[in-house]
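Here's the structure, in structure tokens; my notes come after.
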Amino acid sequence: MLDIRGLTASIGDKPILKGIDLTVPAGEVHAIMGPNGSGKSTLGYVLSGREDYTVTGGSAMFNDADILAMAPEQRAAAGLFLAFQAPIELPGVNNANFLRTALNAIRRAHGEPELDAVQFLKLARAETKRLAMPDDMLKRNVNVGFSGGEKKRNEVLQMAILRPKLAILDETDSGLDIDALKIVADGVNALRGPDFSALVITHHQRLLDHLVPNRVHVLAHGRIVRTGGPELAKELEKSGYAGLIAEAA
Amino acid sequence: MAAVTETLDTVQSVTQSGYKWGFETAIEMDFAPKGLNEDIIRLISARKEEPEWMLDWRLKSYAAWLTMEEPRWARVDHPPIGYQDLHYYAAPKKKAGPKSLDEVDPELLKMYEKLGIPLKERAILAGVDPDTVENTQIAVDAVFDSVSVATTFQATLRKAGVIFCPISEAVREHPELVKQYLGTVVPTADNFFAALNSAVFTDGSFVYIPKGVRCPMELSTYFRINARNTGQFERTLIIAAEGAHVSYLEGCTAPQRDENQLHAAVVELVALDDATIKYSTVQNWYPGDANGKGGIYNFVTKRGACRGARSKISWTQVETGSAITWKYPSCVLLGEDSVGEFYSVAVTNNHQQADTGTKMIHVGKGSRSTIVSKGISAGHSNNTYRGLVRMLPGAANARNHTQCDSLLIGDQSGAHTVPYIESRNLTAKVEHEATTSKIADDQLFYCRQRGLSEEDAVGLIVNGFCKDVLKELPMEFAVEAQKLLAVSLEGSVG
Ligand SMILES: Nc1ncnc2c1ncn2[C@@H]1O[C@H](COP(=O)(O)OP(=O)(O)O)[C@@H](O)[C@H]1O
Ligand SMILES: [Mg+2]
């Protein structure tokens, strides 16, 4: 489970997260909503260890380990996965090769045997099939020439193959049509279980219809200003963030 | 930017522990005295039991060299080379030359084992009878300092009519072929280093593929500089007669030393009608330490002549070693519809300097050439692509396409692209594309978020960047080259 206390973080001299308290128990899916620029992506980056961000206070424990003290790849090995809001292109790097190298790095960290190309492809094909994605997704270069929607689906595929314990999805549903939206929800739902938690950053109730969250949090100006059940998302869809933020201020 | 500062710190603390081929082998050596003069050339020629005409050729080259000056146009910088301070001949102390592997010094064989590359050669050089090894596709000529120590698979090749032997042997056994072709692609006075090589070359490989023959296996030469203060001047001559086909691989290493060592090779290729020569190099000479001390000065002249119609010469090189690389494998496209290709990856790290590229000289109608160059610079290194495409008046409808990409790691390294394009035929087309990119912090972070270490991430991104070139290498070499890329960039990022 994820336990964040009093987390503050800056970019350069600019404070972005101003004291986040958030607990996601094992087995739960929590949604994070909030206006643009409120710090949602920053939270994802800080938890996964991006270097441009400086943690200035507070803590983040994941299954009793201090993840903020770990290198990004150690966090990945510990089971943390971030589906990027804007996935990165890796020219010339084959998706399958990339994912196999990543999966094997994680397996090595756990003392598990590495998968050879054949074993990996079998596993990867099973996932593309389950997520109704074309096989050539694996052959193409990582995100190069992918449409916005394909990039997002590729993040879901990577998540399905790497099987994280904590998935952070940063607006993975934005810009997707209804069918693709279902893929995102299916991707998360397939991993659901007692050892899996997710933080799903979204602007849309539609995704949450398929992915009924245990809790919904509203982030504004670097703080969580409201927490509620799934009904909070529905309320926000109707009334917007404005009232909430004013109330909290 | 945190990542960049870290990169610099790490590069500054990097040592050349990455060079795993830096050992020296204790073998009794037979040296010529230091220095260069006519007597030394006579001595080399005598040691090689050469005929008179060969000695004359050397002496003429020497006379030409004396009148020449080191080229200064390359973007490389080095203290003056003491040409009188080198041994121009160094050979393992032995009889006339080993006739079979059993006669090869076991220390030498152990060394090849230690080198670990190329994979298949090791098994063969470790003493296995090559003609009993199944599925082995590579014949090897290993050159140790100045002397060829073992050429495997002679028998199998001879059956196919292929001649593959040390060039010193070819001078004695196939003088008519050597006389006909030697120095016809790279004339003795072509340039300073070629003239020097022509005067003092000690060994190298000779290949002749007769008409219509597809060489039944890959041919490979393995070069190793071992002795201190020796120059290595090998000479390679490959001839593919009408319709012949050959793929040739070249690998190189040297021990780790504080002083610089000179390597000045000449490679000449001749392709007649419908012949194809594919020449692949993985160059891993010692690059010097993190502060730029030591390393090989690699001044090489490689040129192929597509003399026949529809002939094809393809150069593929992966250059990760040497303190200085000065190398422009070129094609002279004489034949109608002849094809020249140049695929290159050049990696420089620490204080390495590479000025490399190609020349495509289009003479024949409808001749085509492709240039794909990938330069990667890390540390304080400098990496220059220098390429000439020349379309002569007769080169109607000739085509060239050049793709020239540079990748920078850190912000103290330099990448330079120097294309020279000369067209004297209005129907000829020349296209040149160039890009420069950096490994972005967000690419590294994306990889690390997925579980890759930073070094694995750099390896993956660099290999992706070089893919178009690596896929041109024969399988075994491609795997070696990928590992070599990773090793030579070790420590280039935090
Ligand atoms: N690299 C950056 N440099 C400076 N400010 C940034 C940078 N990235 C994000 N910010 C600022 O941090 C704040 C939070 O951004 P972000 O976490 O992306 O918000 P959200 O994902 O909620 O839209 C915004 O004000 C944004 O402008
Ligand atoms: Mg965002």
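Here, A, B, ... name the chains of the structure tokens in the order displayed, residue numbers run from 1 inside each chain, and ligands are numbered from 1 in the same displayed order.
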
Check the DSSP output for the backbone and give back, as a PDB file with N, CA, C and O atoms, in the first residue's frame, the residues of range 44-188 of chain A in strand (DSSP E or B).
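Below you can see result-v2.pdb, which holds the result:
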ATOM      1  N   TYR A  53      12.521  17.292 -10.258  1.00  0.00           N
ATOM      2  CA  TYR A  53      11.682  17.665  -9.112  1.00  0.00           C
ATOM      3  C   TYR A  53      12.452  17.458  -7.812  1.00  0.00           C
ATOM      4  O   TYR A  53      13.123  16.450  -7.636  1.00  0.00           O
ATOM      5  N   THR A  54      12.354  18.421  -6.916  1.00  0.00           N
ATOM      6  CA  THR A  54      13.022  18.292  -5.631  1.00  0.00           C
ATOM      7  C   THR A  54      11.973  18.083  -4.536  1.00  0.00           C
ATOM      8  O   THR A  54      11.045  18.885  -4.411  1.00  0.00           O
ATOM      9  N   VAL A  55      12.136  17.007  -3.803  1.00  0.00           N
ATOM     10  CA  VAL A  55      11.245  16.777  -2.666  1.00  0.00           C
ATOM     11  C   VAL A  55      11.754  17.641  -1.520  1.00  0.00           C
ATOM     12  O   VAL A  55      12.918  17.552  -1.137  1.00  0.00           O
ATOM     13  N   THR A  56      10.903  18.510  -1.011  1.00  0.00           N
ATOM     14  CA  THR A  56      11.352  19.430   0.036  1.00  0.00           C
ATOM     15  C   THR A  56      10.840  19.033   1.420  1.00  0.00           C
ATOM     16  O   THR A  56      11.274  19.584   2.423  1.00  0.00           O
ATOM     17  N   GLY A  57       9.943  18.066   1.473  1.00  0.00           N
ATOM     18  CA  GLY A  57       9.468  17.629   2.791  1.00  0.00           C
ATOM     19  C   GLY A  57       8.483  16.493   2.667  1.00  0.00           C
ATOM     20  O   GLY A  57       7.993  16.190   1.587  1.00  0.00           O
ATOM     21  N   GLY A  58       8.219  15.834   3.813  1.00  0.00           N
ATOM     22  CA  GLY A  58       7.237  14.760   3.842  1.00  0.00           C
ATOM     23  C   GLY A  58       7.817  13.419   3.440  1.00  0.00           C
ATOM     24  O   GLY A  58       9.033  13.286   3.237  1.00  0.00           O
ATOM     25  N   SER A  59       6.941  12.426   3.320  1.00  0.00           N
ATOM     26  CA  SER A  59       7.415  11.073   3.030  1.00  0.00           C
ATOM     27  C   SER A  59       6.437  10.358   2.112  1.00  0.00           C
ATOM     28  O   SER A  59       5.278  10.754   1.983  1.00  0.00           O
ATOM     29  N   ALA A  60       6.955   9.326   1.476  1.00  0.00           N
ATOM     30  CA  ALA A  60       6.103   8.438   0.681  1.00  0.00           C
ATOM     31  C   ALA A  60       6.614   7.018   0.869  1.00  0.00           C
ATOM     32  O   ALA A  60       7.745   6.707   0.489  1.00  0.00           O
ATOM     33  N   MET A  61       5.785   6.223   1.522  1.00  0.00           N
ATOM     34  CA  MET A  61       6.172   4.835   1.779  1.00  0.00           C
ATOM     35  C   MET A  61       5.330   3.935   0.875  1.00  0.00           C
ATOM     36  O   MET A  61       4.140   4.171   0.684  1.00  0.00           O
ATOM     37  N   PHE A  62       5.991   2.923   0.309  1.00  0.00           N
ATOM     38  CA  PHE A  62       5.265   1.959  -0.501  1.00  0.00           C
ATOM     39  C   PHE A  62       5.612   0.574   0.024  1.00  0.00           C
ATOM     40  O   PHE A  62       6.776   0.173   0.003  1.00  0.00           O
ATOM     41  N   ALA A  65       8.508   0.551   2.294  1.00  0.00           N
ATOM     42  CA  ALA A  65       9.814   1.004   1.816  1.00  0.00           C
ATOM     43  C   ALA A  65       9.724   2.500   1.508  1.00  0.00           C
ATOM     44  O   ALA A  65       8.699   2.975   1.010  1.00  0.00           O
ATOM     45  N   ASP A  66      10.808   3.216   1.805  1.00  0.00           N
ATOM     46  CA  ASP A  66      10.857   4.649   1.550  1.00  0.00           C
ATOM     47  C   ASP A  66      11.182   4.844   0.069  1.00  0.00           C
ATOM     48  O   ASP A  66      12.349   4.879  -0.323  1.00  0.00           O
ATOM     49  N   LEU A  80       6.424  -0.100  -8.992  1.00  0.00           N
ATOM     50  CA  LEU A  80       5.747   1.141  -9.358  1.00  0.00           C
ATOM     51  C   LEU A  80       5.780   1.354 -10.866  1.00  0.00           C
ATOM     52  O   LEU A  80       6.815   1.179 -11.507  1.00  0.00           O
ATOM     53  N   PHE A  81       4.649   1.709 -11.424  1.00  0.00           N
ATOM     54  CA  PHE A  81       4.563   1.959 -12.859  1.00  0.00           C
ATOM     55  C   PHE A  81       3.831   3.268 -13.095  1.00  0.00           C
ATOM     56  O   PHE A  81       2.783   3.514 -12.509  1.00  0.00           O
ATOM     57  N   LEU A  82       4.416   4.114 -13.949  1.00  0.00           N
ATOM     58  CA  LEU A  82       3.757   5.369 -14.307  1.00  0.00           C
ATOM     59  C   LEU A  82       3.387   5.328 -15.786  1.00  0.00           C
ATOM     60  O   LEU A  82       4.263   5.190 -16.644  1.00  0.00           O
ATOM     61  N   ALA A  83       2.085   5.431 -16.067  1.00  0.00           N
ATOM     62  CA  ALA A  83       1.656   5.612 -17.460  1.00  0.00           C
ATOM     63  C   ALA A  83       1.719   7.112 -17.718  1.00  0.00           C
ATOM     64  O   ALA A  83       1.002   7.892 -17.101  1.00  0.00           O
ATOM     65  N   ASN A  94      12.958  -1.021 -30.659  1.00  0.00           N
ATOM     66  CA  ASN A  94      11.809  -1.865 -30.893  1.00  0.00           C
ATOM     67  C   ASN A  94      11.019  -2.066 -29.587  1.00  0.00           C
ATOM     68  O   ASN A  94      11.591  -2.336 -28.548  1.00  0.00           O
ATOM     69  N   ASN A 141       8.752   0.860 -33.312  1.00  0.00           N
ATOM     70  CA  ASN A 141       9.656   1.528 -32.383  1.00  0.00           C
ATOM     71  C   ASN A 141       8.849   2.251 -31.312  1.00  0.00           C
ATOM     72  O   ASN A 141       7.783   2.782 -31.600  1.00  0.00           O
ATOM     73  N   LEU A 166       1.826  -1.046  -8.037  1.00  0.00           N
ATOM     74  CA  LEU A 166       1.208   0.275  -7.915  1.00  0.00           C
ATOM     75  C   LEU A 166       1.286   0.955  -9.275  1.00  0.00           C
ATOM     76  O   LEU A 166       2.378   1.218  -9.777  1.00  0.00           O
ATOM     77  N   ALA A 167       0.118   1.196  -9.867  1.00  0.00           N
ATOM     78  CA  ALA A 167       0.103   1.849 -11.172  1.00  0.00           C
ATOM     79  C   ALA A 167      -0.417   3.266 -11.008  1.00  0.00           C
ATOM     80  O   ALA A 167      -1.416   3.495 -10.334  1.00  0.00           O
ATOM     81  N   ILE A 168       0.305   4.212 -11.601  1.00  0.00           N
ATOM     82  CA  ILE A 168      -0.168   5.589 -11.633  1.00  0.00           C
ATOM     83  C   ILE A 168      -0.480   5.888 -13.093  1.00  0.00           C
ATOM     84  O   ILE A 168       0.417   5.819 -13.946  1.00  0.00           O
ATOM     85  N   LEU A 169      -1.739   6.170 -13.393  1.00  0.00           N
ATOM     86  CA  LEU A 169      -2.117   6.459 -14.783  1.00  0.00           C
ATOM     87  C   LEU A 169      -2.426   7.936 -14.896  1.00  0.00           C
ATOM     88  O   LEU A 169      -3.350   8.435 -14.253  1.00  0.00           O
ATOM     89  N   ASP A 170      -1.617   8.626 -15.698  1.00  0.00           N
ATOM     90  CA  ASP A 170      -1.743  10.079 -15.786  1.00  0.00           C
ATOM     91  C   ASP A 170      -2.528  10.451 -17.041  1.00  0.00           C
ATOM     92  O   ASP A 170      -1.968  10.485 -18.141  1.00  0.00           O
TER      93      ASP A 170
END

Shell of 12 Å around ligand 2 (only C-alpha atoms and all ligand atoms), written as an MDAnalysis selection string: chainID A and resid 32:45 83:86 168:172 174 200:203 219

message: Please find the residues of chain B near chain A - the criterion being any atom within 9 Å, counting only C-alpha atoms - and write them as a PyMOL selection string.
response: chain B and resi 1-3+441-443+445-454+456+460-468

message: Need the shell around range 53-55 of chain B: protein/DNA/RNA residues with any atom at most 8 Å away, counting only C-alpha atoms. Skip same-chain ones fewer than 2 positions apart. Format as a PyMOL selection string?
response: chain B and resi 41-42+45+50-51+57-59+171

Closest of A:Met70, A:Ala126, A:Ile224, A:Met1 to ligand 1 - atom-to-atom distances counting only C-alpha atoms and all ligand atoms: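 Of A:Met70, A:Ala126, A:Ile224, A:Met1, the one nearest ligand 1 is A:Ile224, counting only C-alpha atoms and all ligand atoms.
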
- prompt: So how many Å separate CA of Cys331 in chain B and CA of Glu422 in chain B, to one decimal?
  reply: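 Separation between CA of Cys331 in chain B and CA of Glu422 in chain B: 15.2 Å.
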
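Restricting the calculation to only C-alpha atoms, the smallest distance between Asp136 in chain A and any of A:Arg100, A:Asn95, A:Arg163, A:Glu155 is found for A:Asn95.
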
Selection near Ser280 in chain B, 9 Å with only C-alpha atoms, sequence-local residues under 4 positions removed, as a short mmCIF file (atom, residue, chain, number, x, y, z; two decimals) with N, CA, C and O atoms, in the first residue's frame:
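Result saved to result_26.cif:
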data_model
loop_
_atom_site.label_atom_id
_atom_site.label_comp_id
_atom_site.auth_asym_id
_atom_site.auth_seq_id
_atom_site.Cartn_x
_atom_site.Cartn_y
_atom_site.Cartn_z
N SER B 247 32.24 -11.87 -48.49
CA SER B 247 32.01 -11.03 -47.30
C SER B 247 33.21 -11.18 -46.39
O SER B 247 33.62 -12.28 -46.05
N TYR B 248 33.77 -10.06 -46.04
CA TYR B 248 35.04 -10.06 -45.32
C TYR B 248 34.90 -9.26 -44.02
O TYR B 248 34.33 -8.17 -44.02
N LEU B 249 35.40 -9.82 -42.92
CA LEU B 249 35.27 -9.15 -41.62
C LEU B 249 36.64 -8.84 -41.06
O LEU B 249 37.56 -9.62 -41.19
N GLU B 250 36.72 -7.72 -40.38
CA GLU B 250 38.00 -7.32 -39.82
C GLU B 250 37.78 -6.87 -38.38
O GLU B 250 36.91 -6.05 -38.10
N GLY B 251 38.57 -7.41 -37.45
CA GLY B 251 38.48 -7.00 -36.04
C GLY B 251 39.84 -6.59 -35.53
O GLY B 251 40.85 -7.07 -36.00
N SER B 314 30.52 -2.69 -50.56
CA SER B 314 29.80 -2.19 -49.41
C SER B 314 30.72 -2.18 -48.19
O SER B 314 31.26 -3.21 -47.81
N TRP B 315 30.93 -1.01 -47.63
CA TRP B 315 31.74 -0.89 -46.42
C TRP B 315 30.81 -0.74 -45.22
O TRP B 315 29.92 0.11 -45.25
N THR B 316 31.03 -1.54 -44.19
CA THR B 316 30.30 -1.31 -42.94
C THR B 316 31.34 -1.22 -41.83
O THR B 316 32.22 -2.07 -41.74
N GLN B 317 31.28 -0.18 -41.04
CA GLN B 317 32.27 -0.07 -39.98
C GLN B 317 31.62 0.33 -38.67
O GLN B 317 30.70 1.13 -38.63
N VAL B 318 32.12 -0.28 -37.58
CA VAL B 318 31.74 0.15 -36.24
C VAL B 318 33.05 0.54 -35.58
O VAL B 318 33.91 -0.31 -35.33
N GLU B 472 23.41 -4.08 -41.12
CA GLU B 472 24.24 -4.42 -42.27
C GLU B 472 25.36 -5.40 -41.91
O GLU B 472 26.00 -5.97 -42.78
N LEU B 473 25.62 -5.55 -40.62
CA LEU B 473 26.73 -6.43 -40.21
C LEU B 473 26.29 -7.89 -40.23
O LEU B 473 25.14 -8.19 -39.94
N PRO B 474 27.24 -8.80 -40.54
CA PRO B 474 26.91 -10.21 -40.37
C PRO B 474 26.52 -10.48 -38.91
O PRO B 474 27.03 -9.82 -38.00
N PHE B 477 28.94 -10.52 -35.87
CA PHE B 477 29.56 -9.23 -35.65
C PHE B 477 28.56 -8.23 -35.08
O PHE B 477 28.93 -7.38 -34.28
#

query: B:Val185, B:Ala290, B:Ile81, B:Leu237: which is nearest Leu333 in chain B, counting only C-alpha atoms?
result: B:Val185

- prompt: At what distance in Å, to one decimal, does CA of Ala242 in chain A lie from atom 10 (N, counted along the ligand's line) of ligand 1?
  reply: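 The value is 20.8 Å.
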
query: With only C-alpha atoms and all ligand atoms as the basis for distance, which of A:Leu244, A:Val46, A:Leu236, A:Ile20 is at the shortest distance from ligand 1?
result: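 Using only C-alpha atoms and all ligand atoms, ligand 1 sits closest to A:Val46.
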
task: Select from range 34-193 of chain A everything DSSP, run on the backbone, classes as helix (DSSP H, G or I), then give the selection as a ChimeraX atom specification.
output: /A:40-48,67-69,72-77,95-109,117-130,136-139,148-162,178-191

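Comparing A:Gly111, A:Val218, A:Ala233, A:Asp177 by their smallest distance to ligand 1, the closest is A:Val218 (using only C-alpha atoms and all ligand atoms).
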